[in-house]
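Shown next: target_0.txt, given as compact mmCIF, C-alpha atoms and all ligand atoms.
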# COMPACT_ATOMS: atom_id res chain seq x y z
CA MET H 1 -1.58 -19.71 -40.10
CA THR H 2 0.31 -22.75 -38.87
CA LEU H 3 -0.68 -24.47 -35.67
CA ASP H 4 2.54 -23.38 -33.99
CA ASN H 5 1.79 -19.76 -34.80
CA ARG H 6 -1.72 -19.98 -33.51
CA LEU H 7 -0.60 -21.52 -30.24
CA GLY H 8 2.41 -19.31 -29.79
CA GLN H 9 0.45 -16.18 -30.49
CA ARG H 10 -1.62 -16.60 -27.34
CA PHE H 11 0.28 -13.96 -25.40
CA LEU H 12 -2.43 -13.82 -22.76
CA PRO H 13 -3.77 -17.24 -23.16
CA TYR H 14 -7.30 -17.28 -21.77
CA GLY H 15 -10.31 -16.53 -23.97
CA ALA H 16 -10.35 -17.04 -27.63
CA ASN H 17 -11.70 -13.83 -29.00
CA TYR H 18 -14.19 -14.01 -31.78
CA LEU H 19 -13.53 -10.60 -33.27
CA ALA H 20 -14.46 -10.48 -36.94
CA TRP H 21 -16.06 -7.66 -38.92
CA SER H 22 -18.59 -10.07 -40.37
CA ASP H 23 -19.85 -10.85 -36.85
CA MET H 24 -20.10 -7.34 -35.35
CA THR H 25 -23.85 -6.88 -35.83
CA GLU H 26 -24.45 -5.30 -32.41
CA LEU H 27 -21.63 -2.81 -32.89
CA LYS H 28 -23.03 -1.87 -36.29
CA GLU H 29 -26.42 -1.38 -34.69
CA VAL H 30 -24.96 1.00 -32.11
CA ILE H 31 -23.10 3.02 -34.72
CA ASP H 32 -26.20 3.19 -36.92
CA HIS H 33 -28.18 4.38 -33.90
CA GLN H 34 -25.60 7.17 -33.37
CA VAL H 35 -25.76 6.96 -29.57
CA LEU H 36 -22.84 5.75 -27.42
CA PHE H 37 -24.30 6.71 -24.00
CA ARG H 38 -26.59 4.08 -22.53
CA TYR H 39 -28.99 6.47 -20.81
CA GLN H 40 -29.47 8.63 -23.88
CA THR H 41 -32.18 6.33 -25.13
CA GLU H 42 -35.63 5.45 -23.83
CA THR H 43 -35.82 2.22 -25.80
CA GLU H 44 -33.72 -0.73 -24.65
CA SER H 45 -30.08 0.29 -24.80
CA MET H 46 -27.35 -2.13 -25.86
CA ALA H 47 -26.17 -2.15 -22.23
CA SER H 48 -29.67 -3.14 -21.08
CA ARG H 49 -29.81 -5.84 -23.73
CA LEU H 50 -26.52 -7.22 -22.46
CA GLU H 51 -27.80 -7.18 -18.88
CA ARG H 52 -31.02 -8.94 -19.91
CA GLN H 53 -29.15 -11.61 -21.86
CA VAL H 54 -26.72 -12.23 -19.00
CA CYS H 55 -29.64 -12.63 -16.58
CA GLU H 56 -31.32 -15.12 -18.92
CA ARG H 57 -28.18 -17.11 -19.63
CA LEU H 58 -26.82 -17.27 -16.08
CA GLY H 59 -30.12 -17.42 -14.22
CA ALA H 60 -29.35 -14.15 -12.44
CA VAL H 61 -32.04 -11.79 -11.15
CA HIS H 62 -30.26 -8.48 -11.80
CA THR H 63 -27.17 -7.62 -13.83
CA LEU H 64 -25.39 -4.28 -13.99
CA ALA H 65 -22.69 -3.57 -16.58
CA VAL H 66 -19.70 -1.54 -15.37
CA HIS H 67 -16.21 -0.80 -16.72
CA ASN H 68 -14.38 -3.71 -15.15
CA CYS H 69 -14.57 -6.37 -12.48
CA THR H 70 -12.63 -4.29 -9.96
CA GLU H 71 -15.38 -1.66 -10.09
CA ALA H 72 -17.96 -4.42 -9.78
CA LEU H 73 -16.22 -5.64 -6.60
CA ARG H 74 -16.10 -2.11 -5.19
CA LEU H 75 -19.75 -1.59 -5.97
CA ALA H 76 -20.71 -4.88 -4.34
CA LEU H 77 -18.72 -4.01 -1.22
CA ILE H 78 -19.98 -0.43 -0.84
CA SER H 79 -23.58 -1.56 -1.32
CA THR H 80 -23.28 -3.57 1.91
CA ARG H 81 -23.10 -0.23 3.81
CA PRO H 82 -19.95 -1.08 5.75
CA SER H 83 -18.09 1.02 8.32
CA ILE H 84 -14.54 2.18 7.65
CA GLY H 85 -12.07 -0.50 8.74
CA ASP H 86 -14.51 -3.41 8.59
CA LEU H 87 -12.79 -6.69 7.77
CA VAL H 88 -13.32 -8.47 4.47
CA TYR H 89 -12.09 -12.06 4.20
CA ILE H 90 -10.51 -12.66 0.79
CA PRO H 91 -8.61 -15.56 -0.81
CA ALA H 92 -4.86 -15.66 -0.19
CA VAL H 93 -4.52 -16.90 -3.77
CA THR H 94 -6.13 -14.49 -6.21
CA PHE H 95 -5.45 -11.44 -8.36
CA VAL H 96 -4.48 -8.34 -6.38
CA ALA H 97 -7.54 -6.48 -7.73
CA VAL H 98 -9.57 -8.13 -4.98
CA ALA H 99 -7.38 -6.59 -2.27
CA GLY H 100 -7.36 -3.24 -4.09
CA ALA H 101 -11.15 -3.19 -4.27
CA VAL H 102 -11.41 -3.86 -0.54
CA LEU H 103 -8.83 -1.24 0.47
CA SER H 104 -10.16 1.43 -1.86
CA CYS H 105 -13.55 1.07 -0.14
CA GLY H 106 -11.87 1.84 3.20
CA LEU H 107 -12.06 -1.81 4.28
CA ILE H 108 -9.36 -4.16 5.52
CA PRO H 109 -8.55 -7.43 3.73
CA VAL H 110 -7.87 -10.60 5.73
CA LEU H 111 -6.07 -13.24 3.65
CA VAL H 112 -7.61 -16.70 4.00
CA ASP H 113 -5.46 -19.65 3.02
CA ALA H 114 -6.38 -21.98 0.17
CA ASP H 115 -7.67 -25.54 0.16
CA ASP H 116 -6.27 -28.28 -2.06
CA SER H 117 -8.00 -26.83 -5.14
CA LEU H 118 -6.33 -23.46 -4.38
CA SER H 119 -9.74 -21.92 -3.55
CA LEU H 120 -10.52 -20.08 -0.31
CA ASP H 121 -10.66 -22.63 2.52
CA ALA H 122 -14.01 -21.85 4.12
CA SER H 123 -13.15 -23.95 7.19
CA LEU H 124 -10.70 -21.22 8.26
CA LEU H 125 -13.34 -18.48 8.45
CA PRO H 126 -14.37 -17.33 11.92
CA SER H 127 -18.03 -17.83 12.75
CA GLY H 128 -19.88 -14.57 12.28
CA ALA H 129 -17.77 -13.38 9.34
CA GLN H 130 -19.88 -10.67 7.70
CA ARG H 131 -18.09 -10.04 4.41
CA VAL H 132 -16.29 -12.66 2.36
CA ILE H 133 -15.06 -12.55 -1.23
CA THR H 134 -14.39 -15.94 -2.73
CA ALA H 135 -12.83 -16.28 -6.18
CA HIS H 136 -13.46 -19.00 -8.74
CA MET H 137 -9.95 -19.01 -10.15
CA GLU H 138 -9.04 -20.21 -13.62
CA GLY H 139 -12.45 -21.69 -14.28
CA THR H 140 -12.36 -23.73 -11.06
CA VAL H 141 -15.57 -23.69 -9.03
CA ALA H 142 -14.75 -22.85 -5.42
CA PRO H 143 -16.89 -24.28 -2.62
CA LEU H 144 -18.91 -21.55 -0.90
CA PRO H 145 -18.94 -20.87 2.84
CA MET H 146 -22.32 -21.11 4.54
CA GLY H 147 -24.11 -18.44 6.52
CA VAL H 148 -22.13 -15.40 5.36
CA PRO H 149 -24.55 -12.48 4.86
CA TYR H 150 -22.38 -10.69 2.30
CA LEU H 151 -20.72 -13.37 0.23
CA ILE H 152 -19.32 -11.97 -3.01
CA GLU H 153 -18.34 -14.46 -5.71
CA ASP H 154 -15.53 -13.12 -7.89
CA CYS H 155 -16.10 -14.89 -11.21
CA ALA H 156 -13.61 -12.83 -13.24
CA GLN H 157 -11.95 -16.05 -14.44
CA SER H 158 -14.96 -18.35 -14.53
CA LEU H 159 -17.77 -17.02 -16.71
CA GLY H 160 -19.98 -20.01 -17.55
CA ALA H 161 -18.84 -22.28 -14.71
CA ARG H 162 -21.53 -24.17 -12.78
CA PHE H 163 -21.89 -25.57 -9.29
CA PRO H 164 -22.62 -29.30 -8.91
CA ASP H 165 -26.35 -28.43 -8.67
CA GLY H 166 -26.18 -26.81 -12.11
CA ARG H 167 -26.48 -23.20 -11.01
CA HIS H 168 -24.04 -20.69 -12.42
CA VAL H 169 -21.21 -19.25 -10.38
CA GLY H 170 -21.95 -15.72 -9.29
CA THR H 171 -25.63 -16.37 -8.58
CA LYS H 172 -25.49 -17.99 -5.16
CA GLY H 173 -24.03 -15.33 -2.93
CA TYR H 174 -25.02 -11.75 -2.18
CA ALA H 175 -23.39 -10.68 -5.45
CA GLY H 176 -21.24 -12.02 -8.27
CA THR H 177 -18.70 -10.16 -10.38
CA PHE H 178 -17.38 -10.86 -13.89
CA SER H 179 -14.63 -9.44 -16.07
CA PHE H 180 -14.32 -8.92 -19.83
CA HIS H 181 -10.67 -7.95 -19.59
CA HIS H 182 -8.40 -9.14 -22.38
CA ASN H 183 -7.16 -11.98 -20.22
CA LYS H 184 -10.54 -13.56 -19.35
CA VAL H 185 -13.03 -16.07 -20.73
CA LEU H 186 -14.60 -13.50 -23.10
CA THR H 187 -13.29 -10.03 -23.73
CA SER H 188 -14.21 -6.48 -24.68
CA GLY H 189 -10.74 -5.18 -23.81
CA GLU H 190 -12.04 -3.94 -20.47
CA GLY H 191 -15.49 -4.61 -19.08
CA GLY H 192 -17.25 -5.88 -15.99
CA LEU H 193 -20.57 -7.17 -14.76
CA LEU H 194 -22.17 -7.27 -11.35
CA VAL H 195 -25.03 -9.66 -10.65
CA THR H 196 -27.22 -9.90 -7.58
CA GLY H 197 -30.47 -11.50 -6.53
CA ASP H 198 -31.10 -8.85 -3.87
CA ASP H 199 -33.56 -6.17 -5.06
CA ASP H 200 -32.49 -3.56 -2.51
CA ALA H 201 -28.82 -4.15 -3.16
CA TRP H 202 -29.41 -3.79 -6.86
CA ALA H 203 -31.21 -0.45 -6.39
CA THR H 204 -28.29 0.79 -4.26
CA MET H 205 -25.71 -0.43 -6.78
CA ARG H 206 -27.50 1.13 -9.72
CA CYS H 207 -27.80 4.43 -7.89
CA TYR H 208 -24.16 4.55 -6.70
CA HIS H 209 -22.86 3.62 -10.15
CA ASP H 210 -24.56 6.72 -11.64
CA HIS H 211 -23.53 9.55 -9.26
CA GLY H 212 -26.04 8.54 -6.59
CA SER H 213 -28.91 9.46 -8.91
CA ALA H 214 -32.33 7.98 -9.45
CA ARG H 215 -32.04 8.28 -13.21
CA VAL H 216 -34.80 7.39 -15.62
CA PRO H 217 -33.29 6.30 -18.97
CA GLY H 218 -33.62 8.99 -21.62
CA ARG H 219 -33.60 11.84 -19.05
CA TYR H 220 -31.10 13.97 -17.16
CA PRO H 221 -30.40 12.36 -13.76
CA THR H 222 -32.37 13.42 -10.67
CA TRP H 223 -31.45 13.01 -7.02
CA ASN H 224 -33.83 12.00 -4.25
CA PRO H 225 -33.71 14.00 -0.97
CA ASP H 226 -31.98 11.05 0.74
CA ALA H 227 -29.46 10.60 -2.10
CA HIS H 228 -25.94 9.51 -1.18
CA TYR H 229 -22.88 10.31 -3.22
CA GLY H 230 -21.78 7.94 -5.93
CA GLU H 231 -19.30 7.61 -8.73
CA ASN H 232 -19.56 7.10 -12.48
CA PHE H 233 -19.30 3.44 -13.44
CA VAL H 234 -21.80 3.68 -16.33
CA THR H 235 -20.77 1.59 -19.30
CA SER H 236 -20.82 2.64 -22.97
CA GLU H 237 -22.96 1.29 -25.76
CA GLN H 238 -20.07 0.31 -28.00
CA VAL H 239 -18.45 -1.73 -25.22
CA ALA H 240 -21.78 -3.38 -24.44
CA ALA H 241 -22.12 -4.18 -28.15
CA VAL H 242 -18.81 -6.02 -28.18
CA GLN H 243 -19.80 -7.81 -24.97
CA CYS H 244 -23.12 -8.90 -26.51
CA GLN H 245 -21.21 -10.18 -29.54
CA GLN H 246 -18.71 -12.03 -27.34
CA PHE H 247 -21.48 -13.41 -25.16
CA ARG H 248 -23.13 -14.98 -28.22
CA HIS H 249 -20.06 -17.21 -28.46
CA LEU H 250 -20.09 -18.41 -24.86
CA ASP H 251 -21.61 -21.82 -25.56
CA GLU H 252 -19.32 -22.40 -28.53
CA LEU H 253 -16.34 -21.44 -26.40
CA LEU H 254 -17.32 -23.69 -23.49
CA ALA H 255 -17.93 -26.59 -25.89
CA GLY H 256 -14.56 -26.01 -27.58
CA LEU H 257 -12.84 -26.09 -24.20
CA GLU H 258 -14.69 -29.28 -23.17
CA ARG H 259 -13.69 -30.95 -26.42
CA MET H 260 -10.03 -30.08 -26.07
CA TYR H 261 -10.07 -31.02 -22.38
CA ALA H 262 -11.32 -34.50 -23.28
CA ILE H 263 -8.70 -34.82 -26.02
CA ALA H 264 -5.91 -33.62 -23.76
CA MET H 265 -6.95 -35.87 -20.87
CA ALA H 266 -6.56 -38.83 -23.21
CA GLN H 267 -3.06 -37.58 -24.09
CA THR H 268 -1.63 -36.84 -20.65
CA PRO H 269 2.08 -37.47 -20.26
CA GLY H 270 2.65 -40.93 -18.86
CA ARG H 271 4.61 -39.94 -15.79
CA LEU H 272 3.74 -39.86 -12.11
CA ASP H 273 5.94 -36.89 -11.26
CA LEU H 274 3.95 -34.59 -13.55
CA GLU H 275 0.29 -35.26 -12.93
CA VAL H 276 -2.74 -33.53 -14.34
CA ARG H 277 -5.31 -32.48 -11.76
CA PRO H 278 -8.70 -33.54 -13.11
CA ARG H 279 -11.28 -30.77 -13.27
CA ALA H 280 -14.81 -30.93 -11.92
CA GLU H 281 -17.70 -31.28 -14.33
CA GLY H 282 -18.93 -27.72 -13.90
CA ASP H 283 -15.52 -26.06 -14.24
CA VAL H 284 -14.72 -23.98 -17.29
CA LYS H 285 -11.93 -26.07 -18.82
CA LEU H 286 -9.59 -23.15 -19.40
CA SER H 287 -6.41 -25.08 -18.86
CA LEU H 288 -4.75 -28.30 -17.91
CA ARG H 289 -3.45 -27.87 -14.39
CA PHE H 290 -0.34 -29.97 -13.70
CA ARG H 291 1.08 -30.65 -10.26
CA CYS H 292 4.80 -31.44 -10.54
CA GLU H 293 6.83 -33.40 -8.04
CA SER H 294 9.32 -30.58 -7.55
CA ARG H 295 9.74 -26.94 -8.34
CA GLU H 296 12.76 -27.80 -10.51
CA LEU H 297 10.64 -30.07 -12.69
CA ARG H 298 7.96 -27.39 -12.96
CA ASP H 299 10.50 -24.76 -13.99
CA ALA H 300 12.05 -27.13 -16.53
CA ALA H 301 8.59 -27.80 -17.98
CA VAL H 302 7.93 -24.06 -18.28
CA THR H 303 11.22 -23.58 -20.10
CA ALA H 304 10.60 -26.49 -22.46
CA LEU H 305 7.02 -25.47 -23.32
CA THR H 306 8.02 -21.85 -23.85
CA ALA H 307 10.89 -22.90 -26.11
CA GLU H 308 8.35 -24.76 -28.25
CA GLY H 309 6.10 -21.70 -28.41
CA ILE H 310 3.42 -23.39 -26.31
CA ALA H 311 1.59 -20.96 -24.04
CA ASN H 312 1.69 -21.78 -20.33
CA TRP H 313 1.49 -20.02 -17.00
CA THR H 314 2.11 -20.49 -13.31
CA LEU H 315 0.10 -19.26 -10.34
CA GLY H 316 2.77 -17.94 -7.95
CA LYS H 317 1.83 -14.38 -8.95
CA TYR H 318 -1.47 -14.85 -7.10
CA LEU H 319 0.08 -15.44 -3.68
CA LEU H 320 -1.18 -12.30 -1.95
CA PRO H 321 0.66 -12.75 1.38
CA GLU H 322 3.81 -11.92 -0.59
CA HIS H 323 2.35 -9.14 -2.70
CA PRO H 324 3.89 -5.68 -2.15
CA VAL H 325 0.44 -4.06 -2.03
CA LEU H 326 -0.25 -6.11 1.10
CA THR H 327 3.16 -6.51 2.69
CA GLY H 328 3.99 -2.80 2.33
CA ARG H 329 0.69 -1.47 3.71
CA SER H 330 1.24 1.72 1.78
CA SER H 331 -1.39 4.23 0.75
CA LEU H 332 -1.57 7.49 -1.15
CA TYR H 333 -3.48 9.10 1.73
CA ALA H 334 -1.27 11.16 4.03
CA ASP H 335 -2.65 9.36 7.09
CA GLY H 336 -2.20 5.91 5.54
CA PHE H 337 -5.93 5.29 5.07
CA PRO H 338 -7.35 2.70 5.39
CA TRP H 339 -4.39 0.79 6.86
CA ASN H 340 -4.49 3.21 9.80
CA HIS H 341 -7.77 1.48 10.70
CA ALA H 342 -6.35 -2.03 10.51
CA PRO H 343 -5.93 -4.08 13.66
CA GLU H 344 -2.36 -4.84 14.72
CA GLY H 345 -0.78 -8.10 13.70
CA PRO H 346 -1.02 -10.28 10.63
CA LEU H 347 -4.28 -10.03 8.73
CA ALA H 348 -4.08 -13.64 7.70
CA LEU H 349 -5.75 -16.95 8.43
CA SER H 350 -3.53 -19.94 7.79
CA ARG H 351 -2.62 -23.04 9.78
CA ASP H 352 0.99 -23.00 8.62
CA GLY H 353 1.90 -19.51 7.47
CA PHE H 354 0.85 -20.41 3.90
CA ALA H 355 3.67 -22.97 3.64
CA ARG H 356 1.56 -25.71 2.01
CA THR H 357 -0.03 -23.26 -0.41
CA ARG H 358 3.33 -21.77 -1.36
CA ASP H 359 4.67 -25.28 -2.00
CA GLN H 360 1.65 -26.17 -4.16
CA LEU H 361 1.94 -22.98 -6.18
CA GLU H 362 5.62 -23.59 -6.80
CA ARG H 363 4.82 -26.99 -8.29
CA THR H 364 1.80 -25.98 -10.36
CA LEU H 365 1.88 -25.49 -14.10
CA CYS H 366 -1.03 -24.54 -16.34
CA VAL H 367 -1.32 -25.08 -20.07
CA PRO H 368 -4.24 -23.30 -21.71
CA LEU H 369 -6.74 -25.14 -23.83
CA SER H 370 -7.70 -23.55 -27.14
CA PRO H 371 -11.43 -23.66 -27.86
CA GLU H 372 -11.18 -22.00 -31.26
CA LEU H 373 -9.02 -24.74 -32.79
CA SER H 374 -10.64 -27.43 -34.89
CA GLU H 375 -10.70 -30.94 -33.47
CA PRO H 376 -7.73 -32.15 -35.57
CA GLU H 377 -5.76 -29.07 -34.50
CA GLN H 378 -6.66 -29.70 -30.86
CA VAL H 379 -5.36 -33.27 -31.20
CA LEU H 380 -2.10 -31.96 -32.66
CA ALA H 381 -1.80 -29.37 -29.92
CA ALA H 382 -2.46 -31.89 -27.15
CA LYS H 383 0.12 -34.24 -28.65
CA ALA H 384 2.65 -31.41 -28.84
CA VAL H 385 2.14 -30.65 -25.14
CA ARG H 386 2.49 -34.32 -24.27
CA ARG H 387 5.64 -34.72 -26.34
CA VAL H 388 7.30 -31.71 -24.69
CA LEU H 389 6.32 -32.75 -21.15
CA GLU H 390 7.42 -36.35 -21.60
CA ALA H 391 10.89 -35.16 -22.66
CA VAL H 392 11.46 -32.79 -19.71
C1 LIG T 401 -8.89 -10.00 -13.59
C2 LIG T 401 -9.40 -10.24 -12.26
C3 LIG T 401 -10.03 -9.22 -11.53
C4 LIG T 401 -10.11 -7.82 -12.03
O1 LIG T 401 -10.84 -7.72 -13.23
P1 LIG T 401 -10.76 -6.39 -14.10
O2 LIG T 401 -11.94 -6.50 -15.03
O3 LIG T 401 -9.46 -6.41 -14.82
O4 LIG T 401 -10.88 -5.23 -13.18
C5 LIG T 401 -10.55 -9.53 -10.30
N1 LIG T 401 -10.44 -10.75 -9.78
C6 LIG T 401 -9.83 -11.75 -10.43
C7 LIG T 401 -9.77 -13.10 -9.81
C8 LIG T 401 -9.26 -11.52 -11.69
O5 LIG T 401 -8.64 -12.51 -12.32
Structure re-expressed in structure tokens:
Amino acid sequence: MTLDNRLGQRFLPYGANYLAWSDMTELKEVIDHQVLFRYQTETESMASRLERQVCERLGAVHTLAVHNCTEALRLALISTRPSIGDLVYIPAVTFVAVAGAVLSCGLIPVLVDADDSLSLDASLLPSGAQRVITAHMEGTVAPLPMGVPYLIEDCAQSLGARFPDGRHVGTKGYAGTFSFHHNKVLTSGEGGLLVTGDDDAWATMRCYHDHGSARVPGRYPTWNPDAHYGENFVTSEQVAAVQCQQFRHLDELLAGLERMYAIAMAQTPGRLDLEVRPRAEGDVKLSLRFRCESRELRDAAVTALTAEGIANWTLGKYLLPEHPVLTGRSSLYADGFPWNHAPEGPLALSRDGFARTRDQLERTLCVPLSPELSEPEQVLAAKAVRRVLEAV
């Protein structure tokens, strides 16, 4: 495969995937075992192995595998035992799944404007905020607000990122959520993880995710007299197997990104109107993030890169104050639930009606880094990006 093909092929340009028959040992194990349901077995299931390995690698106390990160967010929220209509502060710049998770739990999202790194600006939060979801977007480590009892870190785009003190994202708040969707750092097609350091929360999450039961692995579920209802978020062994396989490549992937980041930072286009924003040490180096002088320049750069088959993306799609799911306040419930519980007026915290954030998003351009390429290929790729951007 030529370099151009390999770069151009990255339709959804986050994680390299390491799918190869020769490497699917966990999947083979599951098939040989002839059991795809995690609770069918009394010995350690593949899902339990995944959870154990994630705990070890990320320094998390408890991990629960679910079908996707949206479920993980819902589970984290519901485990806080909220009341219908309670407010949840969420980033104004993130994927709409965060808002959907909040609303589908009967809660009301309040959009909090972004800081200069496009992360939730904690200085805008009211004192006494009970529930906050912050998102570490695109491998960028967001600063965390202090003193929030239910702080949920959405790490869908930042598996492997670390805070300045070395701890992993997702392990500092009440709960952390991760995604193995196609478009993320590692992938099993769909897949999600929920981590928490809170023993009671974990017991509640585990119970709710399996029909409210107090199941013992290897047995039919049982319900305690005080059981509450739940749903079915229980993962499958074959998905867990692919996640274990993917997870084995995390260090290789992070190292590949670091290597290409260093190469690309030495090859940045020599122009002041198209600047790379340096990333923090603990970030996952998923992309080069450019800040252009004008929207026109950004759009021209997108066109030029795309014409050369070089993957790139912009972040305007994440501006939730303009997302139909939030502006329309629609619901499938006949009474408009849960919007019918929302306070009047804008559910937004911004000093300027999101003007500065909108402007930043319009001038931002991201070019993915490719961890799976060899070093010479990464040099070629970085030079190709530079050549295109210098000619815009
Ligand atoms: C992708 C994503 C989600 C949702 O993850 P799924 O696993 O697809 O449900 C949530 N939050 C952010 C920031 C995301 O990028």
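Here atom CA of H:Gly230 stands at a distance of 10.7 Å from atom CA of H:Ser79.
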>> Quick one: residues within 8 Å of H:Cys366, only C-alpha atoms, excluding same-chain residues fewer than 4 positions away - as a PyMOL selection string?
In response: chain H and resi 287-290+312-314
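With all atoms listed in the file as the atoms that count, the residue of H:Leu347, H:Val234, H:Leu315, H:Ala203 with the shortest distance to H:Arg329 is H:Leu347.
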> Between atom CA of H:Asp113 and atom CA of H:His341, what is the spacing in Å?
Replying inline: 22.6 Å
Taking all atoms listed in the file and a cut-off of 9 Å, can you tell me which residues surround ligand LIG 401 (chain T), written as an mmCIF file with C-alpha atoms, in the frame of the given file?
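As written to disk, result.cif reads:
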data_model
loop_
_atom_site.group_PDB
_atom_site.id
_atom_site.type_symbol
_atom_site.label_atom_id
_atom_site.label_comp_id
_atom_site.auth_asym_id
_atom_site.auth_seq_id
_atom_site.Cartn_x
_atom_site.Cartn_y
_atom_site.Cartn_z
ATOM 1 C CA HIS H 67 -16.210 -0.800 -16.720
ATOM 2 C CA ASN H 68 -14.380 -3.710 -15.150
ATOM 3 C CA CYS H 69 -14.570 -6.370 -12.480
ATOM 4 C CA THR H 70 -12.630 -4.290 -9.960
ATOM 5 C CA GLU H 71 -15.380 -1.660 -10.090
ATOM 6 C CA ALA H 72 -17.960 -4.420 -9.780
ATOM 7 C CA LEU H 73 -16.220 -5.640 -6.600
ATOM 8 C CA VAL H 93 -4.520 -16.900 -3.770
ATOM 9 C CA THR H 94 -6.130 -14.490 -6.210
ATOM 10 C CA PHE H 95 -5.450 -11.440 -8.360
ATOM 11 C CA VAL H 96 -4.480 -8.340 -6.380
ATOM 12 C CA ALA H 97 -7.540 -6.480 -7.730
ATOM 13 C CA VAL H 98 -9.570 -8.130 -4.980
ATOM 14 C CA ALA H 101 -11.150 -3.190 -4.270
ATOM 15 C CA THR H 134 -14.390 -15.940 -2.730
ATOM 16 C CA ALA H 135 -12.830 -16.280 -6.180
ATOM 17 C CA HIS H 136 -13.460 -19.000 -8.740
ATOM 18 C CA MET H 137 -9.950 -19.010 -10.150
ATOM 19 C CA GLU H 138 -9.040 -20.210 -13.620
ATOM 20 C CA ASP H 154 -15.530 -13.120 -7.890
ATOM 21 C CA CYS H 155 -16.100 -14.890 -11.210
ATOM 22 C CA ALA H 156 -13.610 -12.830 -13.240
ATOM 23 C CA GLN H 157 -11.950 -16.050 -14.440
ATOM 24 C CA SER H 158 -14.960 -18.350 -14.530
ATOM 25 C CA THR H 177 -18.700 -10.160 -10.380
ATOM 26 C CA PHE H 178 -17.380 -10.860 -13.890
ATOM 27 C CA SER H 179 -14.630 -9.440 -16.070
ATOM 28 C CA PHE H 180 -14.320 -8.920 -19.830
ATOM 29 C CA HIS H 181 -10.670 -7.950 -19.590
ATOM 30 C CA HIS H 182 -8.400 -9.140 -22.380
ATOM 31 C CA ASN H 183 -7.160 -11.980 -20.220
ATOM 32 C CA LYS H 184 -10.540 -13.560 -19.350
ATOM 33 C CA GLY H 189 -10.740 -5.180 -23.810
ATOM 34 C CA GLU H 190 -12.040 -3.940 -20.470
ATOM 35 C CA GLY H 191 -15.490 -4.610 -19.080
ATOM 36 C CA GLY H 192 -17.250 -5.880 -15.990
ATOM 37 C CA LEU H 193 -20.570 -7.170 -14.760
ATOM 38 C CA TYR H 318 -1.470 -14.850 -7.100
#
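When atom CA of H:Ala334 is paired with atom CA of H:Leu75, their separation reads 24.6 Å.
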Hey, what's within 12 Å of H:Ile31 if we count all atoms listed in the file and toss same-chain stuff fewer than 3 positions away? As a short mmCIF file (atom, residue, chain, number, x, y, z; two decimals) with C-alpha atoms, keeping the file's coordinate frame, please?
data_model
loop_
_atom_site.label_atom_id
_atom_site.label_comp_id
_atom_site.auth_asym_id
_atom_site.auth_seq_id
_atom_site.Cartn_x
_atom_site.Cartn_y
_atom_site.Cartn_z
CA MET H 24 -20.10 -7.34 -35.35
CA THR H 25 -23.85 -6.88 -35.83
CA GLU H 26 -24.45 -5.30 -32.41
CA LEU H 27 -21.63 -2.81 -32.89
CA LYS H 28 -23.03 -1.87 -36.29
CA GLN H 34 -25.60 7.17 -33.37
CA VAL H 35 -25.76 6.96 -29.57
CA LEU H 36 -22.84 5.75 -27.42
CA PHE H 37 -24.30 6.71 -24.00
CA MET H 46 -27.35 -2.13 -25.86
CA SER H 236 -20.82 2.64 -22.97
CA GLU H 237 -22.96 1.29 -25.76
CA GLN H 238 -20.07 0.31 -28.00
CA VAL H 239 -18.45 -1.73 -25.22
CA ALA H 241 -22.12 -4.18 -28.15
CA VAL H 242 -18.81 -6.02 -28.18
#
> Do you know which residues lie at most 9 Å from (-7.1, -1.7, -2.3), with coordinates as in the file and only C-alpha atoms counted, and could you write them as a PyMOL selection string?
Replying inline: chain H and resi 96-109+325-326+331+338
Selection above as a file: C-alpha atoms, as a PDB file, in the frame of the given file:
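Once written, out04.pdb looks like this:
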ATOM      1  CA  VAL H  96      -4.480  -8.340  -6.380  1.00  0.00           C
ATOM      2  CA  ALA H  97      -7.540  -6.480  -7.730  1.00  0.00           C
ATOM      3  CA  VAL H  98      -9.570  -8.130  -4.980  1.00  0.00           C
ATOM      4  CA  ALA H  99      -7.380  -6.590  -2.270  1.00  0.00           C
ATOM      5  CA  GLY H 100      -7.360  -3.240  -4.090  1.00  0.00           C
ATOM      6  CA  ALA H 101     -11.150  -3.190  -4.270  1.00  0.00           C
ATOM      7  CA  VAL H 102     -11.410  -3.860  -0.540  1.00  0.00           C
ATOM      8  CA  LEU H 103      -8.830  -1.240   0.470  1.00  0.00           C
ATOM      9  CA  SER H 104     -10.160   1.430  -1.860  1.00  0.00           C
ATOM     10  CA  CYS H 105     -13.550   1.070  -0.140  1.00  0.00           C
ATOM     11  CA  GLY H 106     -11.870   1.840   3.200  1.00  0.00           C
ATOM     12  CA  LEU H 107     -12.060  -1.810   4.280  1.00  0.00           C
ATOM     13  CA  ILE H 108      -9.360  -4.160   5.520  1.00  0.00           C
ATOM     14  CA  PRO H 109      -8.550  -7.430   3.730  1.00  0.00           C
ATOM     15  CA  VAL H 325       0.440  -4.060  -2.030  1.00  0.00           C
ATOM     16  CA  LEU H 326      -0.250  -6.110   1.100  1.00  0.00           C
ATOM     17  CA  SER H 331      -1.390   4.230   0.750  1.00  0.00           C
ATOM     18  CA  PRO H 338      -7.350   2.700   5.390  1.00  0.00           C
TER      19      PRO H 338
END
>> Calculated over all atoms listed in the file, which of the candidates H:Leu272, H:Leu286, H:Leu319, H:Val148 has the smallest distance to H:Thr357?
In response: H:Leu319
>> Counting only C-alpha atoms, find residues at most 12 Å from (-12.0, -20.3, -23.7) (file frame) and give them as a VMD selection string.
In response: chain H and resid 10 12 to 18 138 to 139 157 to 161 182 to 187 246 to 247 249 to 261 283 to 287 368 to 373
